[in-house]
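Novice: target-v2.tsv is reproduced in full below (TSV, C-alpha atoms).
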```tsv
chain	number	residue	atom	x	y	z
H	1	MET	CA	20.40	-12.31	-32.83
H	2	ASN	CA	21.58	-10.61	-29.64
H	3	ILE	CA	20.22	-8.44	-26.85
H	4	GLN	CA	21.76	-5.28	-28.28
H	5	GLN	CA	19.93	-5.72	-31.58
H	6	LEU	CA	16.65	-6.01	-29.67
H	7	ARG	CA	17.44	-2.72	-27.90
H	8	TYR	CA	18.08	-1.08	-31.27
H	9	ILE	CA	14.74	-2.04	-32.82
H	10	VAL	CA	12.87	-0.98	-29.66
H	11	ALA	CA	14.64	2.40	-29.79
H	12	ILE	CA	13.74	2.88	-33.47
H	13	ASP	CA	10.12	2.08	-32.69
H	14	ARG	CA	10.15	4.59	-29.85
H	15	PHE	CA	11.70	7.50	-31.77
H	16	ARG	CA	10.54	6.56	-35.30
H	17	ASN	CA	13.81	8.05	-36.43
H	18	PHE	CA	17.15	6.26	-36.99
H	19	ALA	CA	19.33	9.23	-36.00
H	20	ARG	CA	17.57	9.84	-32.67
H	21	ALA	CA	17.46	6.11	-31.97
H	22	ALA	CA	21.20	5.86	-32.60
H	23	ASP	CA	21.87	8.78	-30.24
H	24	SER	CA	19.81	7.15	-27.50
H	25	CYS	CA	21.79	3.93	-27.92
H	26	HIS	CA	25.14	5.83	-28.00
H	27	ILE	CA	26.18	4.46	-31.39
H	28	SER	CA	26.49	5.92	-34.88
H	29	GLN	CA	23.55	5.81	-37.26
H	30	PRO	CA	25.40	3.64	-39.84
H	31	THR	CA	26.18	1.08	-37.11
H	32	LEU	CA	22.54	1.04	-36.00
H	33	SER	CA	21.32	0.61	-39.57
H	34	ALA	CA	23.81	-2.20	-40.22
H	35	MET	CA	22.82	-4.09	-37.06
H	36	VAL	CA	19.10	-3.82	-37.86
H	37	ALA	CA	19.72	-4.93	-41.44
H	38	LYS	CA	21.67	-7.92	-40.11
H	39	LEU	CA	18.77	-8.86	-37.83
H	40	GLU	CA	16.26	-8.53	-40.69
H	41	LYS	CA	18.42	-10.80	-42.82
H	42	GLU	CA	18.69	-13.38	-40.05
H	43	LEU	CA	14.93	-13.37	-39.46
H	44	ASP	CA	14.18	-13.12	-43.16
H	45	VAL	CA	11.58	-10.43	-42.50
H	46	ARG	CA	11.42	-6.68	-42.97
H	47	LEU	CA	10.97	-4.94	-39.59
H	48	PHE	CA	10.55	-1.31	-40.66
H	49	GLU	CA	9.09	0.62	-43.59
H	50	ARG	CA	11.46	3.46	-44.40
H	51	SER	CA	10.87	6.64	-46.37
H	52	ASN	CA	12.42	10.09	-46.50
H	53	LYS	CA	9.98	11.37	-43.86
H	54	THR	CA	8.83	8.43	-41.77
H	55	VAL	CA	9.93	5.19	-40.18
H	56	LYS	CA	7.27	2.77	-38.97
H	57	PRO	CA	7.19	-0.94	-38.13
H	58	THR	CA	5.76	-3.43	-40.57
H	59	VAL	CA	2.97	-5.69	-39.38
H	60	ALA	CA	5.51	-8.42	-38.63
H	61	GLY	CA	7.85	-5.82	-37.13
H	62	GLU	CA	5.24	-4.65	-34.61
H	63	LYS	CA	4.85	-8.21	-33.28
H	64	ILE	CA	8.60	-8.76	-33.06
H	65	ILE	CA	9.16	-5.39	-31.33
H	66	ARG	CA	6.51	-6.20	-28.69
H	67	GLN	CA	8.24	-9.52	-28.01
H	68	ALA	CA	11.61	-7.76	-27.90
H	69	GLN	CA	10.28	-5.37	-25.24
H	70	ARG	CA	9.19	-8.31	-23.10
H	71	ALA	CA	12.53	-10.06	-23.58
H	72	LEU	CA	14.50	-6.93	-22.64
H	73	MET	CA	12.44	-6.36	-19.51
H	74	GLU	CA	13.01	-9.92	-18.37
H	75	THR	CA	16.73	-9.69	-19.22
H	76	ASP	CA	17.13	-6.48	-17.22
H	77	ARG	CA	15.46	-8.12	-14.24
H	78	ILE	CA	18.06	-10.87	-13.96
H	79	ALA	CA	20.59	-8.54	-12.34
H	80	GLU	CA	17.85	-6.93	-10.26
H	81	LEU	CA	16.68	-10.31	-8.94
H	82	ALA	CA	20.25	-11.17	-8.02
H	83	SER	CA	20.53	-7.90	-6.07
H	84	GLU	CA	17.22	-8.45	-4.31
H	85	ASP	CA	18.31	-11.93	-3.29
H	86	LYS	CA	21.33	-10.34	-1.60
H	87	GLY	CA	18.98	-8.05	0.34
H	88	THR	CA	19.64	-4.91	-1.70
H	89	ILE	CA	17.06	-2.94	-3.67
H	90	GLY	CA	18.07	-1.31	-6.93
H	91	GLY	CA	17.45	-1.17	-10.65
H	92	SER	CA	14.43	0.32	-12.35
H	93	PHE	CA	10.77	0.24	-11.39
H	94	ALA	CA	7.97	1.50	-13.65
H	95	LEU	CA	4.62	2.30	-12.04
H	96	SER	CA	1.34	3.40	-13.60
H	97	VAL	CA	-1.38	5.20	-11.60
H	98	GLY	CA	-4.97	6.01	-12.54
H	99	PRO	CA	-5.67	9.75	-13.07
H	100	THR	CA	-8.39	9.94	-10.36
H	101	ILE	CA	-5.98	8.42	-7.82
H	102	ALA	CA	-2.69	10.08	-8.73
H	103	PRO	CA	-3.36	13.55	-7.23
H	104	TYR	CA	-3.80	12.05	-3.77
H	105	LEU	CA	-1.08	9.40	-3.78
H	106	LEU	CA	1.79	10.64	-5.89
H	107	PRO	CA	3.02	13.80	-4.11
H	108	LYS	CA	3.67	12.00	-0.81
H	109	PHE	CA	4.50	8.68	-2.47
H	110	ILE	CA	7.32	10.17	-4.56
H	111	HIS	CA	8.70	12.09	-1.56
H	112	HIS	CA	8.86	9.03	0.71
H	113	TYR	CA	9.96	6.60	-2.00
H	114	ARG	CA	12.91	8.71	-3.11
H	115	ASN	CA	14.07	9.08	0.49
H	116	ASP	CA	13.73	5.39	1.35
H	117	TYR	CA	14.90	3.83	-1.93
H	118	PRO	CA	17.40	6.23	-3.52
H	119	THR	CA	19.04	3.46	-5.58
H	120	VAL	CA	15.81	2.62	-7.43
H	121	ASP	CA	15.26	4.31	-10.79
H	122	LEU	CA	11.55	5.06	-10.34
H	123	SER	CA	9.37	6.13	-13.26
H	124	ILE	CA	5.64	6.88	-12.96
H	125	ARG	CA	2.99	7.56	-15.57
H	126	GLU	CA	-0.71	8.35	-15.27
H	127	LEU	CA	-2.87	6.02	-17.37
H	128	LYS	CA	-6.52	5.07	-17.55
H	129	ALA	CA	-7.19	1.47	-16.55
H	130	SER	CA	-7.80	0.16	-20.07
H	131	PHE	CA	-4.41	1.42	-21.28
H	132	MET	CA	-2.72	0.45	-18.01
H	133	PHE	CA	-3.57	-3.24	-18.26
H	134	GLU	CA	-2.49	-3.42	-21.89
H	135	ALA	CA	0.83	-1.82	-20.93
H	136	LEU	CA	1.27	-4.27	-18.01
H	137	LEU	CA	0.68	-7.24	-20.30
H	138	ASN	CA	3.19	-5.81	-22.79
H	139	GLY	CA	5.81	-5.46	-20.06
H	140	GLU	CA	5.95	-1.66	-20.20
H	141	PHE	CA	5.27	-1.33	-16.45
H	142	ASP	CA	6.05	-3.36	-13.36
H	143	ALA	CA	2.79	-2.50	-11.61
H	144	GLY	CA	-0.28	-0.29	-11.76
H	145	ILE	CA	-2.62	1.29	-9.22
H	146	ALA	CA	-6.27	1.59	-10.26
H	147	ILE	CA	-9.88	1.15	-9.12
H	148	ALA	CA	-10.58	-2.39	-7.83
H	149	ASP	CA	-12.41	-5.18	-9.65
H	150	ASN	CA	-10.86	-4.61	-13.06
H	151	ILE	CA	-10.71	-8.26	-14.06
H	152	ARG	CA	-8.34	-9.02	-16.94
H	153	GLN	CA	-6.82	-12.32	-18.03
H	154	GLY	CA	-3.12	-12.45	-17.19
H	155	ILE	CA	-3.41	-9.70	-14.54
H	156	LEU	CA	-3.25	-10.27	-10.78
H	157	GLU	CA	-5.12	-7.88	-8.45
H	158	ILE	CA	-3.88	-7.07	-4.93
H	159	PRO	CA	-6.30	-5.00	-2.77
H	160	LEU	CA	-4.57	-1.87	-1.46
H	161	TYR	CA	-7.02	0.35	0.40
H	162	THR	CA	-10.63	1.46	0.71
H	163	GLU	CA	-11.59	5.11	0.58
H	164	ARG	CA	-14.93	6.57	1.69
H	165	PHE	CA	-16.93	9.06	-0.33
H	166	TYR	CA	-18.39	12.24	1.12
H	167	VAL	CA	-20.98	14.71	-0.11
H	168	TYR	CA	-19.75	18.24	-0.76
H	169	ILE	CA	-22.88	20.38	-0.59
H	170	ALA	CA	-23.32	24.09	-1.21
H	171	GLU	CA	-23.96	26.28	1.81
H	172	SER	CA	-27.26	27.41	0.26
H	173	CYS	CA	-28.37	23.76	0.25
H	174	TRP	CA	-27.37	22.60	3.70
H	175	ARG	CA	-28.85	25.67	5.39
H	176	LYS	CA	-32.21	24.41	4.08
H	177	LEU	CA	-31.46	20.87	5.36
H	178	PRO	CA	-30.93	20.96	9.14
H	179	VAL	CA	-30.99	17.13	9.15
H	180	PHE	CA	-28.96	15.92	6.19
H	181	LYS	CA	-30.43	13.06	4.15
H	182	PRO	CA	-29.44	12.23	0.55
H	183	GLU	CA	-33.07	12.00	-0.55
H	184	ASN	CA	-33.53	15.66	0.40
H	185	LEU	CA	-31.20	16.57	-2.46
H	186	GLU	CA	-33.78	15.52	-5.05
H	187	HIS	CA	-34.29	19.01	-6.43
H	188	GLU	CA	-30.62	20.06	-6.30
H	189	ASN	CA	-28.11	20.04	-9.15
H	190	MET	CA	-25.72	17.10	-9.07
H	191	TRP	CA	-22.21	17.63	-10.41
H	192	ILE	CA	-20.09	14.54	-11.16
H	193	MET	CA	-16.63	13.88	-12.50
H	194	LYS	CA	-16.36	12.90	-16.13
H	195	GLU	CA	-14.94	9.41	-16.79
H	196	ALA	CA	-14.54	8.57	-13.08
H	197	GLN	CA	-16.75	5.49	-12.93
H	198	CYS	CA	-16.53	5.01	-9.15
H	199	LEU	CA	-17.71	8.59	-8.54
H	200	ARG	CA	-20.47	8.24	-11.12
H	201	GLU	CA	-21.76	5.03	-9.52
H	202	SER	CA	-21.80	6.66	-6.10
H	203	ALA	CA	-23.56	9.74	-7.46
H	204	PHE	CA	-26.15	7.77	-9.39
H	205	SER	CA	-26.98	5.69	-6.32
H	206	PHE	CA	-28.65	8.86	-5.06
H	207	CYS	CA	-30.83	9.00	-8.15
H	208	LYS	CA	-32.51	5.60	-8.01
H	209	ALA	CA	-35.45	6.71	-5.87
H	210	ARG	CA	-35.90	10.09	-7.53
H	211	SER	CA	-39.28	10.78	-9.06
H	212	LYS	CA	-38.06	13.86	-10.92
H	213	GLY	CA	-35.39	14.22	-13.56
H	214	THR	CA	-31.80	14.58	-12.54
H	215	HIS	CA	-29.84	17.61	-13.67
H	216	ILE	CA	-26.25	16.43	-14.09
H	217	TYR	CA	-23.18	18.24	-15.35
H	218	GLU	CA	-19.80	16.65	-15.87
H	219	ALA	CA	-16.43	18.21	-15.02
H	220	GLY	CA	-12.86	17.02	-15.44
H	221	SER	CA	-11.52	17.30	-11.88
H	222	ILE	CA	-12.64	17.28	-8.26
H	223	ASP	CA	-11.33	20.83	-7.77
H	224	THR	CA	-13.51	22.00	-10.67
H	225	LEU	CA	-16.55	20.27	-9.21
H	226	ILE	CA	-16.05	21.95	-5.85
H	227	ARG	CA	-15.70	25.39	-7.42
H	228	ILE	CA	-18.85	24.75	-9.47
H	229	VAL	CA	-20.78	23.85	-6.32
H	230	ASP	CA	-19.44	26.92	-4.50
H	231	GLU	CA	-20.60	29.21	-7.30
H	232	ASN	CA	-23.76	27.48	-8.52
H	233	GLY	CA	-25.16	25.51	-5.61
H	234	GLY	CA	-26.04	21.83	-5.60
H	235	PHE	CA	-23.69	19.06	-4.53
H	236	THR	CA	-21.01	16.63	-5.65
H	237	ILE	CA	-19.25	13.47	-4.44
H	238	ILE	CA	-15.62	13.68	-3.28
H	239	PRO	CA	-13.19	10.98	-2.08
H	240	GLU	CA	-11.90	10.93	1.47
H	241	MET	CA	-8.31	11.73	0.48
H	242	HIS	CA	-9.45	15.03	-1.03
H	243	LEU	CA	-10.56	16.39	2.36
H	244	PRO	CA	-7.09	17.75	3.33
H	245	PHE	CA	-7.15	19.88	0.15
H	246	LEU	CA	-10.24	21.80	1.30
H	247	SER	CA	-10.14	25.15	3.06
H	248	GLU	CA	-11.58	25.47	6.56
H	249	GLN	CA	-14.63	27.19	5.10
H	250	GLN	CA	-15.13	24.44	2.51
H	251	ARG	CA	-14.86	21.68	5.12
H	252	ALA	CA	-18.04	23.02	6.70
H	253	ASN	CA	-19.80	21.95	3.48
H	254	VAL	CA	-18.77	18.26	3.78
H	255	ARG	CA	-21.24	15.63	4.96
H	256	LYS	CA	-20.99	11.87	5.46
H	257	ILE	CA	-23.13	9.75	3.16
H	258	GLU	CA	-25.79	8.10	5.29
H	259	GLY	CA	-28.13	5.29	4.32
H	260	ASP	CA	-27.89	2.36	1.93
H	261	TYR	CA	-25.83	4.01	-0.78
H	262	LEU	CA	-22.58	3.17	-2.51
H	263	SER	CA	-20.20	5.33	-0.47
H	264	GLN	CA	-16.67	4.06	-1.01
H	265	ARG	CA	-14.16	3.08	-3.62
H	266	ARG	CA	-11.60	0.32	-3.41
H	267	ILE	CA	-8.13	0.75	-4.88
H	268	SER	CA	-5.92	-2.14	-5.98
H	269	LEU	CA	-2.37	-2.84	-7.09
H	270	TYR	CA	-2.15	-4.72	-10.40
H	271	ILE	CA	0.71	-6.85	-11.75
H	272	LYS	CA	1.15	-9.55	-14.38
H	273	ASP	CA	0.26	-12.92	-12.93
H	274	ASP	CA	3.83	-14.16	-13.50
H	275	TYR	CA	5.53	-11.17	-11.84
H	276	VAL	CA	8.43	-12.26	-9.62
H	277	ARG	CA	10.01	-9.11	-8.11
H	278	GLU	CA	8.54	-9.56	-4.65
H	279	ARG	CA	10.92	-7.27	-2.76
H	280	MET	CA	10.47	-4.47	-5.29
H	281	LEU	CA	6.70	-4.74	-5.09
H	282	ASN	CA	6.90	-4.45	-1.31
H	283	THR	CA	8.71	-1.13	-1.68
H	284	VAL	CA	5.45	0.28	-3.09
H	285	VAL	CA	3.34	-1.13	-0.28
H	286	ASP	CA	5.79	-0.09	2.44
H	287	THR	CA	5.89	3.45	1.05
H	288	LEU	CA	2.08	3.71	1.12
H	289	LYS	CA	2.12	2.56	4.74
H	290	THR	CA	4.29	5.51	5.73
H	291	PHE	CA	1.59	8.11	5.03
H	292	MET	CA	-1.78	6.36	4.68
H	293	PRO	CA	-4.04	5.66	7.69
H	294	GLU	CA	-3.81	2.00	8.67
H	295	SER	CA	-7.60	1.81	8.88
H	296	MET	CA	-7.82	2.42	5.12
H	297	LEU	CA	-5.33	-0.31	4.17
H	298	SER	CA	-6.52	-3.79	3.20
H	299	LYS	CA	-5.54	-6.77	5.33
H	300	THR	CA	-3.56	-8.08	2.37
H	301	VAL	CA	-0.99	-5.28	2.50
H	302	ARG	CA	-0.74	-4.88	6.27
H	303	ARG	CA	1.79	-7.70	6.12
H	304	PRO	CA	4.58	-8.24	3.52
H	305	LEU	CA	3.38	-9.43	0.12
H	306	ARG	CA	4.25	-12.96	-0.98
H	307	LEU	CA	4.20	-13.79	-4.67
```
Could you express the structure from this file as structure tokens?

Specialist:
Amino acid sequence: MNIQQLRYIVAIDRFRNFARAADSCHISQPTLSAMVAKLEKELDVRLFERSNKTVKPTVAGEKIIRQAQRALMETDRIAELASEDKGTIGGSFALSVGPTIAPYLLPKFIHHYRNDYPTVDLSIRELKASFMFEALLNGEFDAGIAIADNIRQGILEIPLYTERFYVYIAESCWRKLPVFKPENLEHENMWIMKEAQCLRESAFSFCKARSKGTHIYEAGSIDTLIRIVDENGGFTIIPEMHLPFLSEQQRANVRKIEGDYLSQRRISLYIKDDYVRERMLNTVVDTLKTFMPESMLSKTVRRPLRL
């Protein structure tokens, strides 16, 4: 068994096609097939089920491929660790970001990261937290950014920043409310973001004292929610980092959340608990520091991270 054979079976699993896998590995298909057959013979187990139309891993093959992915990631990091020890940053870095966070972080993050670390091969993918942590444990990503307090065995959480929530209220509503109080919104439509738990919790904190039913609609993005409020009245909850995206007219509709309500969300950086690439992880934190207000950052990341 050798490292190259592990790369071959991972490529076949990715493409589910021997020809495309061979192309990605820059070898001929017969060579790829021969090397995989040799590995199967050595392990005395069949790794793939082959037919004229499909290629898929066997049950045993799936387990071996997952372990091969972990082994390849650790192997690739040997050279990267050596470079980091010399004070240079290079190699690959795979980052996952939650979909309700990505629109606010990624545009500036990518711009600053590419300028400051041009030798790093950065790849980013949006993933929901449940898929993100599974991918981290499988070694598919170096790190992930998601809502705080997602406790998972084998995953280490590093607090990144805290973001306040604001109420975005229709002009027709706030003209009737010269002194803004959340309880005055009892009879107004509430619009919340589908599958964004932190926004839902903040929104529902307004409902606890309501004596009447709550009329709630769910949308798929903050921009959609704002347009719904503009056209239909009512209110919604928006995160602080969305404020720069509002027009001057829309900013007049924003109010702070007063009283004893859940009015913030905390964002964390997640890694496997045995992650060792300290300098690479600090490239993420240092990039965030270049464009995020210091007041939002956690005390943990205001100084260099130590693993």

Novice: Quick one: everything within 9 Å of Asp274 (chain H), counting all atoms listed in the file, minus sequence neighbours fewer than 5 positions away in the same chain. Send it as a PyMOL selection string.

Specialist: chain H and resi 154-156+307

Novice: To one decimal place, how far is CA of Lys299 (chain H) from CA of Tyr161 (chain H) in Å?

Specialist: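 Pair CA of Lys299 (chain H) / CA of Tyr161 (chain H) returns 8.8 Å.
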
Novice: Can you pull out the residues contacting region 32-38 of chain H? Cut-off 10 Å, using only C-alpha atoms, and skip same-chain residues under 4 positions away; I want them as number ranges by chain.

Specialist: H: 1-2, 4-6, 8-9, 12, 18-19, 21-23, 25-28, 42-48

Novice: Which polymer residues have any atom within 9 Å of an atom of Lys128 (chain H), counting all atoms listed in the file, with same-chain residues fewer than 5 positions away left out, as a ChimeraX atom specification?

Specialist: /H:96-100,133,146

Novice: Fewer than 6 positions away in the same chain doesn't count, so skip those; otherwise give me all residues within 12 Å of Ile110 (chain H), counting all atoms listed in the file, as a PyMOL selection string.

Specialist: chain H and resi 95+102-104+116-118+120-124+283-284+287-288+290-291

Novice: Please determine an axis-aligned box that encloses all atoms of region 168-171 of chain H listed in the file, with 5 Å added on each side, and express its centre and edge lengths in Å to one decimal as lines of an AutoDock Vina configuration file.

Specialist:
```
center_x = -21.9
center_y = 22.3
center_z = 0.3
size_x = 14.2
size_y = 18.0
size_z = 13.0
```

Novice: What lies within 12 Å of Arg227 (chain H) using all atoms listed in the file, ignoring chain neighbours under 6 positions off, as a PDB file with C-alpha atoms, in the coordinates of the input?

Specialist:
```pdb
ATOM      1  CA  TYR H 168     -19.750  18.240  -0.760  1.00  0.00           C
ATOM      2  CA  ILE H 169     -22.880  20.380  -0.590  1.00  0.00           C
ATOM      3  CA  ALA H 170     -23.320  24.090  -1.210  1.00  0.00           C
ATOM      4  CA  TRP H 191     -22.210  17.630 -10.410  1.00  0.00           C
ATOM      5  CA  ALA H 219     -16.430  18.210 -15.020  1.00  0.00           C
ATOM      6  CA  GLY H 220     -12.860  17.020 -15.440  1.00  0.00           C
ATOM      7  CA  SER H 221     -11.520  17.300 -11.880  1.00  0.00           C
ATOM      8  CA  GLY H 233     -25.160  25.510  -5.610  1.00  0.00           C
ATOM      9  CA  GLY H 234     -26.040  21.830  -5.600  1.00  0.00           C
ATOM     10  CA  PHE H 235     -23.690  19.060  -4.530  1.00  0.00           C
ATOM     11  CA  THR H 236     -21.010  16.630  -5.650  1.00  0.00           C
ATOM     12  CA  LEU H 246     -10.240  21.800   1.300  1.00  0.00           C
ATOM     13  CA  SER H 247     -10.140  25.150   3.060  1.00  0.00           C
ATOM     14  CA  GLN H 250     -15.130  24.440   2.510  1.00  0.00           C
TER      15      GLN H 250
END
```

Novice: What is the distance, in Å and to one decimal place, between CA of Leu269 (chain H) and CA of Ile158 (chain H)?

Specialist: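 Going from CA of Leu269 (chain H) over to CA of Ile158 (chain H), I get 5.0 Å.
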
Novice: Could you check how far CA of Arg266 (chain H) sits from CA of Leu297 (chain H), in Å to one decimal?

Specialist: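 Between these atoms lies a distance of 9.9 Å.
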
Novice: Kindly indicate which residue among H:Asn150, H:Thr224, H:Asn115, H:Thr162 lies nearest to Ser295 (chain H), using all atoms listed in the file for the distances.

Specialist: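 Ranked by minimum distance to Ser295 (chain H), first place goes to H:Thr162.
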